[in-house]
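Undergrad: Contents of entry01.cif (mmCIF, C-alpha atoms and all ligand atoms) are below:
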data_entry
#
loop_
_atom_site.label_atom_id
_atom_site.label_comp_id
_atom_site.auth_asym_id
_atom_site.auth_seq_id
_atom_site.Cartn_x
_atom_site.Cartn_y
_atom_site.Cartn_z
CA MET A 269 264.93 172.11 80.75
CA ASN A 270 267.95 173.96 82.06
CA VAL A 271 267.05 177.58 83.05
CA LYS A 272 269.74 180.21 83.55
CA HIS A 273 268.99 183.63 85.01
CA TYR A 274 270.71 186.89 83.99
CA ASP A 275 270.22 190.47 85.19
CA ALA A 276 270.03 191.62 81.59
CA ILE A 277 269.62 189.98 78.21
CA VAL A 278 270.34 191.79 74.96
CA LEU A 279 268.89 190.43 71.71
CA GLY A 280 271.23 191.19 68.81
CA ALA A 281 275.01 191.47 68.63
CA GLY A 282 275.37 194.34 66.16
CA ALA A 283 276.79 197.73 67.08
CA ALA A 284 273.80 198.56 69.31
CA GLY A 285 273.65 195.22 71.13
CA LEU A 286 277.40 194.89 71.68
CA THR A 287 277.54 198.45 73.03
CA ALA A 288 274.67 197.72 75.41
CA GLY A 289 276.48 194.54 76.47
CA ILE A 290 279.67 196.49 77.20
CA TYR A 291 277.86 199.03 79.42
CA LEU A 292 275.74 196.44 81.24
CA ALA A 293 278.60 194.04 81.95
CA ARG A 294 280.89 196.90 82.99
CA ALA A 295 278.24 197.87 85.56
CA ASN A 296 278.72 194.35 86.97
CA LEU A 297 275.37 193.10 85.75
CA LYS A 298 275.22 189.47 84.76
CA THR A 299 274.62 189.98 81.04
CA LEU A 300 273.87 187.73 78.08
CA ILE A 301 273.75 188.73 74.43
CA ILE A 302 271.71 186.40 72.21
CA ASN A 303 272.28 186.76 68.49
CA GLU A 304 270.47 184.99 65.70
CA GLY A 305 273.09 185.71 63.03
CA SER A 306 276.82 186.15 63.17
CA ILE A 307 278.34 188.71 65.49
CA GLY A 308 278.63 192.28 64.19
CA GLY A 309 275.34 192.41 62.30
CA GLN A 310 275.34 194.85 59.38
CA MET A 311 278.82 196.09 60.31
CA VAL A 312 280.35 192.97 58.83
CA LEU A 313 278.86 193.87 55.45
CA THR A 314 281.02 196.97 55.24
CA HIS A 315 284.49 196.38 53.92
CA ALA A 316 285.75 199.85 54.87
CA VAL A 317 284.18 201.99 57.58
CA ALA A 318 285.63 205.48 57.28
CA ASN A 319 283.12 207.47 59.34
CA TYR A 320 283.34 205.88 62.79
CA PRO A 321 285.07 208.50 64.96
CA GLY A 322 288.36 207.43 66.49
CA VAL A 323 289.00 204.84 63.80
CA LEU A 324 290.74 206.14 60.69
CA GLU A 325 289.56 203.29 58.51
CA ALA A 326 288.84 199.67 59.38
CA SER A 327 286.64 196.90 58.12
CA GLY A 328 283.27 196.60 59.84
CA ARG A 329 284.28 193.08 60.80
CA ASP A 330 287.38 194.31 62.65
CA ILE A 331 285.37 196.95 64.52
CA SER A 332 282.81 194.36 65.56
CA LEU A 333 285.51 191.95 66.74
CA ILE A 334 286.90 194.68 69.00
CA MET A 335 283.41 195.44 70.35
CA LYS A 336 282.88 191.73 71.00
CA LYS A 337 286.25 191.49 72.80
CA GLN A 338 285.38 194.51 74.96
CA ALA A 339 282.01 193.01 75.91
CA LYS A 340 283.54 189.63 76.76
CA GLU A 341 286.37 191.16 78.78
CA PHE A 342 283.79 192.88 80.97
CA GLY A 343 282.19 189.47 81.54
CA CYS A 344 279.35 189.49 79.04
CA ASP A 345 278.21 186.05 77.81
CA ILE A 346 277.36 185.73 74.12
CA GLU A 347 275.26 183.07 72.38
CA SER A 348 275.38 183.51 68.62
CA ASN A 349 274.03 181.73 65.56
CA VAL A 350 271.05 180.54 67.59
CA GLU A 351 267.33 180.72 66.97
CA ILE A 352 264.82 182.22 69.37
CA THR A 353 262.07 179.66 69.73
CA LYS A 354 259.99 181.21 72.56
CA LEU A 355 259.73 184.64 74.08
CA ASP A 356 257.85 186.09 77.05
CA LEU A 357 258.55 189.77 77.64
CA ASN A 358 255.36 190.72 79.47
CA SER A 359 256.08 189.18 82.87
CA ASN A 360 258.45 190.84 85.35
CA LYS A 361 260.80 187.94 84.79
CA LYS A 362 261.43 187.90 81.04
CA MET A 363 261.92 184.49 79.37
CA ILE A 364 263.76 183.62 76.18
CA GLU A 365 264.11 180.09 74.83
CA ILE A 366 266.68 179.30 72.16
CA ASP A 367 266.93 176.35 69.79
CA ASP A 368 264.02 174.64 71.59
CA ASP A 369 266.38 173.43 74.34
CA GLU A 370 267.79 176.27 76.46
CA VAL A 371 265.88 178.81 78.53
CA PHE A 372 267.20 182.11 79.84
CA THR A 373 265.37 184.50 82.14
CA SER A 374 266.21 188.08 83.01
CA ASP A 375 264.93 191.20 84.76
CA VAL A 376 265.53 193.44 81.83
CA VAL A 377 265.75 192.95 78.03
CA ILE A 378 267.18 195.18 75.33
CA LEU A 379 265.95 194.52 71.79
CA ALA A 380 268.74 195.39 69.35
CA THR A 381 267.93 193.10 66.45
CA GLY A 382 268.65 195.63 63.70
CA GLY A 383 267.32 195.22 60.22
CA LYS A 384 268.21 194.92 56.60
CA PRO A 385 267.86 197.09 53.52
CA ARG A 386 265.13 195.81 51.25
CA LYS A 387 266.64 194.25 48.13
CA LEU A 388 265.56 195.23 44.66
CA GLY A 389 265.21 191.64 43.54
CA ALA A 390 267.01 192.19 40.21
CA LYS A 391 269.17 189.45 38.68
CA ASN A 392 272.78 189.30 40.02
CA GLU A 393 271.99 191.41 43.11
CA ASP A 394 273.66 188.97 45.50
CA LYS A 395 276.67 188.54 43.19
CA PHE A 396 277.43 192.29 43.09
CA LYS A 397 276.46 193.28 46.66
CA GLY A 398 279.47 195.29 47.87
CA PHE A 399 280.90 195.26 44.33
CA GLY A 400 279.04 198.16 42.83
CA ILE A 401 275.76 197.73 44.69
CA SER A 402 275.41 199.71 47.90
CA TYR A 403 272.54 200.38 50.27
CA CYS A 404 274.21 203.27 52.09
CA ALA A 405 275.32 206.54 50.44
CA THR A 406 276.73 207.96 53.68
CA CYS A 407 278.88 204.86 54.02
CA ASP A 408 280.07 204.29 50.47
CA GLY A 409 279.55 207.59 48.63
CA ASP A 410 283.18 208.67 48.63
CA PHE A 411 284.23 205.42 46.92
CA TYR A 412 282.38 206.78 43.86
CA THR A 413 284.13 210.14 43.62
CA ASP A 414 283.80 211.49 40.03
CA LYS A 415 281.91 208.36 38.94
CA ASP A 416 278.50 207.93 37.33
CA VAL A 417 275.98 206.17 39.56
CA ILE A 418 272.35 205.15 39.69
CA VAL A 419 270.03 205.62 42.67
CA VAL A 420 266.99 203.36 42.75
CA GLY A 421 263.81 204.48 44.51
CA GLY A 422 261.38 207.34 44.73
CA GLY A 423 260.91 207.95 48.45
CA ASN A 424 262.56 210.49 50.73
CA SER A 425 265.58 208.24 51.34
CA ALA A 426 266.29 207.81 47.62
CA LEU A 427 265.95 211.50 46.80
CA GLU A 428 267.80 212.81 49.86
CA GLU A 429 270.61 210.28 49.48
CA ALA A 430 270.89 211.12 45.78
CA VAL A 431 271.36 214.78 46.66
CA SER A 432 273.94 213.86 49.31
CA LEU A 433 275.82 211.72 46.75
CA THR A 434 276.28 214.75 44.48
CA LYS A 435 279.09 215.81 46.86
CA TRP A 436 281.19 213.02 45.38
CA VAL A 437 279.87 211.64 42.13
CA ARG A 438 279.91 213.09 38.61
CA SER A 439 276.35 212.17 37.73
CA ILE A 440 273.33 210.39 39.16
CA THR A 441 270.44 208.78 37.37
CA ILE A 442 267.45 208.14 39.60
CA VAL A 443 265.53 205.09 38.39
CA HIS A 444 262.03 204.89 39.82
CA GLN A 445 259.20 202.50 39.05
CA PHE A 446 256.39 205.11 39.11
CA ASP A 447 255.90 208.44 37.37
CA ASN A 448 255.57 210.27 40.68
CA PHE A 449 257.62 210.27 43.90
CA GLN A 450 256.60 209.16 47.38
CA ALA A 451 258.60 211.96 49.01
CA THR A 452 258.13 215.42 50.48
CA ASP A 453 257.88 218.41 48.13
CA HIS A 454 261.15 219.70 49.55
CA ALA A 455 263.05 216.46 48.80
CA ILE A 456 261.62 216.34 45.26
CA GLU A 457 262.49 219.99 44.61
CA GLN A 458 266.06 219.57 45.91
CA ALA A 459 266.63 216.56 43.65
CA LYS A 460 265.02 218.15 40.58
CA LYS A 461 267.00 221.35 40.78
CA ASN A 462 270.35 219.59 41.10
CA ASP A 463 272.24 219.66 37.78
CA LYS A 464 273.98 216.35 38.46
CA ILE A 465 270.69 214.43 38.81
CA SER A 466 268.57 213.08 35.96
CA PHE A 467 265.59 210.74 36.06
CA ILE A 468 264.34 207.58 34.39
CA LEU A 469 260.75 207.10 35.56
CA GLU A 470 258.24 204.29 35.21
CA SER A 471 261.17 201.93 34.86
CA GLU A 472 262.69 199.08 36.82
CA ILE A 473 266.16 197.58 36.90
CA THR A 474 265.79 193.92 36.05
CA GLU A 475 269.46 192.88 35.94
CA TYR A 476 272.90 194.03 37.06
CA LEU A 477 275.56 193.64 34.35
CA GLY A 478 279.34 193.25 34.68
CA GLU A 479 282.20 190.89 35.33
CA GLN A 480 283.75 191.42 38.81
CA GLN A 481 281.98 194.73 39.49
CA VAL A 482 278.74 196.33 38.30
CA GLU A 483 279.36 197.95 34.92
CA GLY A 484 275.79 198.54 33.85
CA VAL A 485 272.15 197.65 34.35
CA LYS A 486 269.28 196.36 32.26
CA ILE A 487 266.18 198.51 32.63
CA GLN A 488 262.60 197.73 31.68
CA ASN A 489 260.15 200.51 30.90
CA GLN A 490 256.98 199.66 32.82
CA LYS A 491 254.67 201.24 30.26
CA THR A 492 256.08 199.88 27.00
CA GLY A 493 257.77 196.74 28.38
CA GLU A 494 260.89 197.64 26.38
CA PHE A 495 264.36 196.87 27.72
CA SER A 496 267.41 199.15 27.55
CA GLU A 497 270.91 199.09 29.03
CA LEU A 498 272.65 201.86 30.95
CA LYS A 499 276.34 201.95 31.83
CA THR A 500 277.12 202.82 35.44
CA ASP A 501 279.91 202.62 38.02
CA GLY A 502 277.59 201.80 40.88
CA VAL A 503 274.01 201.46 42.04
CA PHE A 504 272.60 202.73 45.34
CA VAL A 505 269.38 200.97 46.28
CA TYR A 506 266.75 202.74 48.41
CA VAL A 507 263.61 200.71 48.10
CA GLY A 508 262.86 200.33 51.78
CA TYR A 509 264.17 198.88 55.00
CA ILE A 510 263.03 195.79 56.88
CA PRO A 511 263.40 195.88 60.69
CA ASN A 512 263.97 192.48 62.31
CA THR A 513 260.82 192.54 64.43
CA ASP A 514 259.09 189.31 63.46
CA ASN A 515 259.68 187.89 66.94
CA PHE A 516 258.06 190.90 68.63
CA LYS A 517 254.90 191.32 66.56
CA ASP A 518 251.84 191.42 68.86
CA ILE A 519 254.14 191.89 71.87
CA ILE A 520 255.83 195.27 71.40
CA ASP A 521 254.28 198.41 69.92
CA LEU A 522 255.57 198.86 66.38
CA SER A 523 255.31 201.67 63.83
CA GLU A 524 253.54 201.23 60.51
CA ARG A 525 256.90 200.25 59.10
CA GLN A 526 257.35 197.58 61.78
CA GLU A 527 260.02 199.54 63.70
CA ILE A 528 259.98 199.31 67.50
CA LEU A 529 258.49 202.42 69.10
CA THR A 530 260.55 203.87 71.95
CA ASP A 531 260.82 207.09 73.87
CA ALA A 532 264.06 209.09 74.08
CA ASN A 533 265.26 206.75 76.86
CA MET A 534 264.87 203.75 74.51
CA GLN A 535 261.99 202.49 76.67
CA THR A 536 259.37 200.43 74.80
CA ASN A 537 255.72 200.04 75.80
CA ILE A 538 256.67 197.16 78.13
CA LYS A 539 258.29 197.82 81.52
CA GLY A 540 261.83 196.51 81.62
CA VAL A 541 262.06 196.18 77.83
CA PHE A 542 264.24 198.66 75.98
CA SER A 543 265.28 198.84 72.34
CA ALA A 544 268.32 200.22 70.53
CA GLY A 545 269.79 200.63 67.07
CA ASP A 546 268.36 200.18 63.60
CA VAL A 547 265.40 198.10 64.76
CA ARG A 548 263.78 201.06 66.49
CA ILE A 549 262.00 204.00 64.93
CA LYS A 550 264.56 206.54 63.72
CA LYS A 551 265.69 208.43 60.65
CA ILE A 552 269.48 208.05 60.68
CA ARG A 553 270.82 204.49 60.73
CA GLN A 554 274.58 204.46 61.25
CA ILE A 555 277.07 202.68 63.50
CA THR A 556 277.42 205.87 65.57
CA THR A 557 273.67 206.14 66.13
CA ALA A 558 273.40 202.42 66.97
CA VAL A 559 276.24 202.80 69.50
CA SER A 560 274.52 205.86 70.96
CA ASP A 561 271.19 204.04 71.30
CA GLY A 562 272.92 201.03 72.89
CA THR A 563 274.54 203.29 75.47
CA ILE A 564 271.28 205.07 76.32
CA ALA A 565 269.30 201.82 76.51
CA ALA A 566 271.88 200.15 78.77
CA LEU A 567 272.21 203.10 81.16
CA ASN A 568 268.43 203.39 81.46
CA ALA A 569 268.15 199.64 81.95
CA ILE A 570 270.69 199.88 84.78
CA GLU A 571 268.67 202.70 86.38
CA TYR A 572 265.48 200.63 85.98
CA LEU A 573 267.10 197.70 87.78
CA GLN A 574 268.35 199.93 90.61
CA ASN A 575 264.82 201.23 91.25
C1 LIG B 601 276.06 197.65 53.24
C2 LIG B 601 276.03 198.56 54.44
C3 LIG B 601 277.08 199.40 54.67
C4 LIG B 601 277.08 200.25 55.78
N1 LIG B 601 278.16 201.06 56.01
C5 LIG B 601 278.19 201.87 57.08
C6 LIG B 601 279.29 202.73 57.34
O1 LIG B 601 280.25 202.78 56.57
N2 LIG B 601 279.25 203.51 58.45
C7 LIG B 601 278.17 203.51 59.30
O2 LIG B 601 278.20 204.23 60.30
N3 LIG B 601 277.11 202.72 59.08
C8 LIG B 601 277.09 201.90 58.00
N4 LIG B 601 275.99 201.12 57.75
C9 LIG B 601 274.88 201.15 58.72
C10 LIG B 601 275.28 200.39 60.00
O3 LIG B 601 275.93 199.19 59.65
C11 LIG B 601 274.06 200.09 60.85
O4 LIG B 601 273.33 201.29 61.05
C12 LIG B 601 274.44 199.52 62.22
O5 LIG B 601 275.43 198.54 62.09
C13 LIG B 601 273.20 198.95 62.89
O6 LIG B 601 273.55 198.27 64.05
P1 LIG B 601 272.45 197.51 64.93
O7 LIG B 601 273.18 196.89 66.05
O8 LIG B 601 271.34 198.43 65.25
O9 LIG B 601 271.80 196.42 63.98
P2 LIG B 601 272.45 195.22 63.13
O10 LIG B 601 273.79 195.54 62.68
O11 LIG B 601 271.41 194.89 62.10
O12 LIG B 601 272.58 194.01 64.17
C14 LIG B 601 271.49 193.30 64.64
C15 LIG B 601 271.92 191.88 65.02
O13 LIG B 601 270.80 191.22 65.57
C16 LIG B 601 270.70 189.90 65.01
N5 LIG B 601 269.29 189.50 65.06
C17 LIG B 601 268.32 189.68 64.14
N6 LIG B 601 267.15 189.20 64.59
C18 LIG B 601 267.39 188.69 65.81
C19 LIG B 601 266.58 188.06 66.81
N7 LIG B 601 265.28 187.88 66.64
N8 LIG B 601 267.16 187.69 67.96
C20 LIG B 601 268.49 187.89 68.17
N9 LIG B 601 269.32 188.47 67.27
C21 LIG B 601 268.76 188.88 66.12
C22 LIG B 601 271.24 190.06 63.61
O14 LIG B 601 271.71 188.81 63.13
C23 LIG B 601 272.38 191.04 63.83
O15 LIG B 601 273.57 190.37 64.17
C24 LIG B 601 275.98 200.25 56.66
C25 LIG B 601 274.90 199.39 56.44
C26 LIG B 601 274.92 198.54 55.34
C27 LIG B 601 273.76 197.60 55.11
#
Output the structure of this file as structure tokens.
Ligand SMILES: Cc1cc2nc3c(=O)[nH]c(=O)nc-3n(C[C@H](O)[C@H](O)[C@H](O)COP(=O)(O)OP(=O)(O)OC[C@H]3O[C@@H](n4cnc5c(N)ncnc54)[C@H](O)[C@@H]3O)c2cc1C
TA:
Amino acid sequence: MNVKHYDAIVLGAGAAGLTAGIYLARANLKTLIINEGSIGGQMVLTHAVANYPGVLEASGRDISLIMKKQAKEFGCDIESNVEITKLDLNSNKKMIEIDDDEVFTSDVVILATGGKPRKLGAKNEDKFKGFGISYCATCDGDFYTDKDVIVVGGGNSALEEAVSLTKWVRSITIVHQFDNFQATDHAIEQAKKNDKISFILESEITEYLGEQQVEGVKIQNQKTGEFSELKTDGVFVYVGYIPNTDNFKDIIDLSERQEILTDANMQTNIKGVFSAGDVRIKKIRQITTAVSDGTIAALNAIEYLQN
């Protein structure tokens, strides 16, 4: 089998991975980014990014294409839409096999494989994703100025994001499957005392309703089994987050939530293996924070290689 050696390999070509690629390649390191999906990661799901400094408003796809161009112009190689079929991160020389037929080795690896918001699983969720269903209040909140929205979930994210949405929206209904919240007392208190927020508890959304855009939801009361409908302009879903760490289970130290554990230098438990972006343990998941992590991981990887 053909084996190709790189100084550095980055797994994931989202904001974090592309940023790491830019810094590594610009430092004249022979760099490869391997991406299982399409380039840009979660950025390409966002039709209008309005909070990335220096860019007034652009689609996430356009921003990722610029990042990709920058990485390539500095000499970074990119393999995308491939599958990782073997991985050895423990040795000094790291090994990654893709599609069962190509092997790459490197001295340093950055894991930037991101993650995905957990879906609710209600009917029509895929149809309306981006058309009235959002997984990010910080990103999409202002599109719902003076509108009535629903927030789904009962953890800290749901309650905190609901409170943050009150800056824009007219009203929020929090729909939660239990009669109690899995959040801190502070988050619960902040949500409860906000006049714009009301609650439907022990209930689950079973279906999104509408033509082109979400116009309402069907809700089932978990106690009585009864169904009701509620009109809404949009639904923000906060029922968890799934980090893409399946490939690293039993190799890298993960949190209870399967996020990669790192220190402030983005160093994992394995020498020469760093991590960046949404896949690692962190509270705020944004393009800016992914870019920041990618920068820190790459610069520390460069220092590691120099020593
Ligand atoms: C709908 C939505 C809207 C958003 N809007 C905004 C916004 O307006 N502003 C903002 O700042 N943030 C926004 N965010 C958050 C932001 O997109 C993310 O925080 C950021 O893009 C994460 O970048 P990342 O590189 O860490 O991970 P990702 O973007 O998840 O990229 C990871 C990449 O790794 C690939 N991959 C997965 N597994 C593997 C593997 N095993 N090997 C190799 N590659 C792998 C994936 O295919 C993907 O391409 C939004 C998120 C969502 C879901």
Undergrad: Could you tell me, as a PyMOL selection string, which residues have any atom at most 12 Å from (263.7, 205.6, 73.7), counting only C-alpha atoms?
TA: chain A and resi 378-379+528-538+541-545+547-550+560-569
Undergrad: Write out, as a PDB file, keeping the file's coordinate frame, the residues just selected, with C-alpha atoms.
TA:
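Written output follows (part_28.pdb):
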ATOM      1  CA  ILE A 378     267.180 195.180  75.330  1.00  0.00           C
ATOM      2  CA  LEU A 379     265.950 194.520  71.790  1.00  0.00           C
ATOM      3  CA  ILE A 528     259.980 199.310  67.500  1.00  0.00           C
ATOM      4  CA  LEU A 529     258.490 202.420  69.100  1.00  0.00           C
ATOM      5  CA  THR A 530     260.550 203.870  71.950  1.00  0.00           C
ATOM      6  CA  ASP A 531     260.820 207.090  73.870  1.00  0.00           C
ATOM      7  CA  ALA A 532     264.060 209.090  74.080  1.00  0.00           C
ATOM      8  CA  ASN A 533     265.260 206.750  76.860  1.00  0.00           C
ATOM      9  CA  MET A 534     264.870 203.750  74.510  1.00  0.00           C
ATOM     10  CA  GLN A 535     261.990 202.490  76.670  1.00  0.00           C
ATOM     11  CA  THR A 536     259.370 200.430  74.800  1.00  0.00           C
ATOM     12  CA  ASN A 537     255.720 200.040  75.800  1.00  0.00           C
ATOM     13  CA  ILE A 538     256.670 197.160  78.130  1.00  0.00           C
ATOM     14  CA  VAL A 541     262.060 196.180  77.830  1.00  0.00           C
ATOM     15  CA  PHE A 542     264.240 198.660  75.980  1.00  0.00           C
ATOM     16  CA  SER A 543     265.280 198.840  72.340  1.00  0.00           C
ATOM     17  CA  ALA A 544     268.320 200.220  70.530  1.00  0.00           C
ATOM     18  CA  GLY A 545     269.790 200.630  67.070  1.00  0.00           C
ATOM     19  CA  VAL A 547     265.400 198.100  64.760  1.00  0.00           C
ATOM     20  CA  ARG A 548     263.780 201.060  66.490  1.00  0.00           C
ATOM     21  CA  ILE A 549     262.000 204.000  64.930  1.00  0.00           C
ATOM     22  CA  LYS A 550     264.560 206.540  63.720  1.00  0.00           C
ATOM     23  CA  SER A 560     274.520 205.860  70.960  1.00  0.00           C
ATOM     24  CA  ASP A 561     271.190 204.040  71.300  1.00  0.00           C
ATOM     25  CA  GLY A 562     272.920 201.030  72.890  1.00  0.00           C
ATOM     26  CA  THR A 563     274.540 203.290  75.470  1.00  0.00           C
ATOM     27  CA  ILE A 564     271.280 205.070  76.320  1.00  0.00           C
ATOM     28  CA  ALA A 565     269.300 201.820  76.510  1.00  0.00           C
ATOM     29  CA  ALA A 566     271.880 200.150  78.770  1.00  0.00           C
ATOM     30  CA  LEU A 567     272.210 203.100  81.160  1.00  0.00           C
ATOM     31  CA  ASN A 568     268.430 203.390  81.460  1.00  0.00           C
ATOM     32  CA  ALA A 569     268.150 199.640  81.950  1.00  0.00           C
TER      33      ALA A 569
END
Undergrad: Applying 8 Å and only C-alpha atoms, which residues near Val371 of chain A remain after dropping the ones on its own chain fewer than 6 positions away? List them as an mmCIF file with C-alpha atoms, in the frame of the given file.
TA:
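After the write, out.cif holds the following:
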data_model
loop_
_atom_site.group_PDB
_atom_site.id
_atom_site.type_symbol
_atom_site.label_atom_id
_atom_site.label_comp_id
_atom_site.auth_asym_id
_atom_site.auth_seq_id
_atom_site.Cartn_x
_atom_site.Cartn_y
_atom_site.Cartn_z
ATOM 1 C CA MET A 269 264.930 172.110 80.750
ATOM 2 C CA ASN A 270 267.950 173.960 82.060
ATOM 3 C CA VAL A 271 267.050 177.580 83.050
ATOM 4 C CA LYS A 272 269.740 180.210 83.550
ATOM 5 C CA MET A 363 261.920 184.490 79.370
ATOM 6 C CA ILE A 364 263.760 183.620 76.180
ATOM 7 C CA GLU A 365 264.110 180.090 74.830
#
Undergrad: Show me which residues line ligand LIG 601 (chain B), defined as having an atom within 6 Å of a ligand atom where all atoms listed in the file count, and present them as a PyMOL selection string.
TA: chain A and resi 279-285+302-311+313-314+317+319-320+380-383+402-404+407+512+515+545-547+553-556+558
Undergrad: Counting all atoms listed in the file, figure out which residue out of A:Gln480, A:Thr474, A:Ser466, A:Gln450 gets nearest to Ala426 of chain A.
TA: A:Gln450
Undergrad: Axis-aligned box over every listed atom of segment 337-345 of chain A, padded by 8 Å per side: centre and edges in Å to one decimal, as lines of an AutoDock Vina configuration file?
TA:
center_x = 282.3
center_y = 190.3
center_z = 77.2
size_x = 24.2
size_y = 24.5
size_z = 24.7
Undergrad: Do a neighbour search on Glu475 of chain A at 8 Å with all atoms listed in the file, toss out local chain neighbours closer than 5 positions, and write the hits as a PyMOL selection string.
TA: chain A and resi 390-393+485-487
Undergrad: Calculate how many Å separate atom CA of Glu351 of chain A from atom CA of Ala276 of chain A, rounding to one decimal.
TA: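 A separation of 18.4 Å between them.
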Undergrad: At what distance in Å, to one decimal, does atom CA of Gly540 of chain A lie from atom CA of Ser374 of chain A?
TA: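 Atom CA of Ser374 of chain A sits 9.6 Å away from atom CA of Gly540 of chain A.
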Undergrad: If I take atom CA of Gly502 of chain A and atom CA of Asp447 of chain A, how far is one from the other in Å, to one decimal?
TA: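 Calculated distance between atom CA of Gly502 of chain A and atom CA of Asp447 of chain A is 23.0 Å.
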Undergrad: Which residue out of A:Lys361, A:Leu300, A:Asp518, A:Trp436 has the minimum interatomic distance to Ser348 of chain A when all atoms listed in the file are used?
TA: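 Checking each candidate against Ser348 of chain A, we get A:Leu300 as the closest.
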Undergrad: For Leu469 of chain A, which residue among A:Gly289, A:Gly409, A:Gly343, A:Gly421 is the nearest when counting all atoms listed in the file?
TA: A:Gly421
Undergrad: Residues at most 8 Å from Asn358 of chain A, counting all atoms listed in the file, excluding those fewer than 2 positions away in the same chain, as a list in words?
TA: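 After dropping sequence-adjacent residues, the list is Asp356, Asn360, Lys362, Ile519, Ile538 and Lys539 of chain A.
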Undergrad: Name the residues in contact with Glu470 of chain A at a cut-off of 10 Å, using all atoms listed in the file, excluding same-chain residues fewer than 6 positions from it; report them as a CSV table (one decimal) with C-alpha atoms, keeping the file's coordinate frame.
TA:
chain,number,residue,atom,x,y,z
A,443,VAL,CA,265.5,205.1,38.4
A,444,HIS,CA,262.0,204.9,39.8
A,445,GLN,CA,259.2,202.5,39.0
A,446,PHE,CA,256.4,205.1,39.1
A,447,ASP,CA,255.9,208.4,37.4
A,448,ASN,CA,255.6,210.3,40.7
A,488,GLN,CA,262.6,197.7,31.7
A,489,ASN,CA,260.2,200.5,30.9
A,490,GLN,CA,257.0,199.7,32.8
A,491,LYS,CA,254.7,201.2,30.3
A,492,THR,CA,256.1,199.9,27.0
Undergrad: In terms of the shortest atom-to-atom distance over all atoms listed in the file, which of A:Ile465, A:Val559, A:Ile552, A:Leu427 is closest to Ile290 of chain A?
TA: A:Val559
Undergrad: Using all atoms listed in the file, pick whichever of A:Ile334, A:Ile366, A:Ala430, A:Ile418 has the shortest atom-to-atom distance to Ile473 of chain A.
TA: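 Of the candidates, the smallest distance to Ile473 of chain A is held by A:Ile418.
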Undergrad: Return segment 437-448 of chain A, completed with N, CA and C atoms, as a short mmCIF file (atom, residue, chain, number, x, y, z; two decimals), keeping the file's coordinate frame.
TA:
data_model
loop_
_atom_site.label_atom_id
_atom_site.label_comp_id
_atom_site.auth_asym_id
_atom_site.auth_seq_id
_atom_site.Cartn_x
_atom_site.Cartn_y
_atom_site.Cartn_z
N VAL A 437 279.93 212.27 43.45
CA VAL A 437 279.87 211.64 42.13
C VAL A 437 279.78 212.66 41.00
N ARG A 438 280.01 212.19 39.76
CA ARG A 438 279.91 213.09 38.61
C ARG A 438 278.45 213.22 38.17
N SER A 439 277.76 212.09 38.15
CA SER A 439 276.35 212.17 37.73
C SER A 439 275.54 211.08 38.42
N ILE A 440 274.26 211.37 38.55
CA ILE A 440 273.33 210.39 39.16
C ILE A 440 272.11 210.26 38.28
N THR A 441 271.72 209.02 38.03
CA THR A 441 270.44 208.78 37.37
C THR A 441 269.53 208.12 38.39
N ILE A 442 268.41 208.77 38.67
CA ILE A 442 267.45 208.14 39.60
C ILE A 442 266.49 207.30 38.76
N VAL A 443 266.45 206.00 39.08
CA VAL A 443 265.53 205.09 38.39
C VAL A 443 264.39 204.77 39.36
N HIS A 444 263.18 205.08 38.93
CA HIS A 444 262.03 204.89 39.82
C HIS A 444 260.90 204.20 39.05
N GLN A 445 260.18 203.33 39.75
CA GLN A 445 259.20 202.50 39.05
C GLN A 445 257.91 203.26 38.68
N PHE A 446 257.63 204.36 39.40
CA PHE A 446 256.39 205.11 39.11
C PHE A 446 256.71 206.43 38.40
N ASP A 447 255.65 207.14 38.00
CA ASP A 447 255.90 208.44 37.37
C ASP A 447 255.82 209.58 38.37
N ASN A 448 255.54 209.25 39.64
CA ASN A 448 255.57 210.27 40.68
C ASN A 448 256.35 209.74 41.88
#
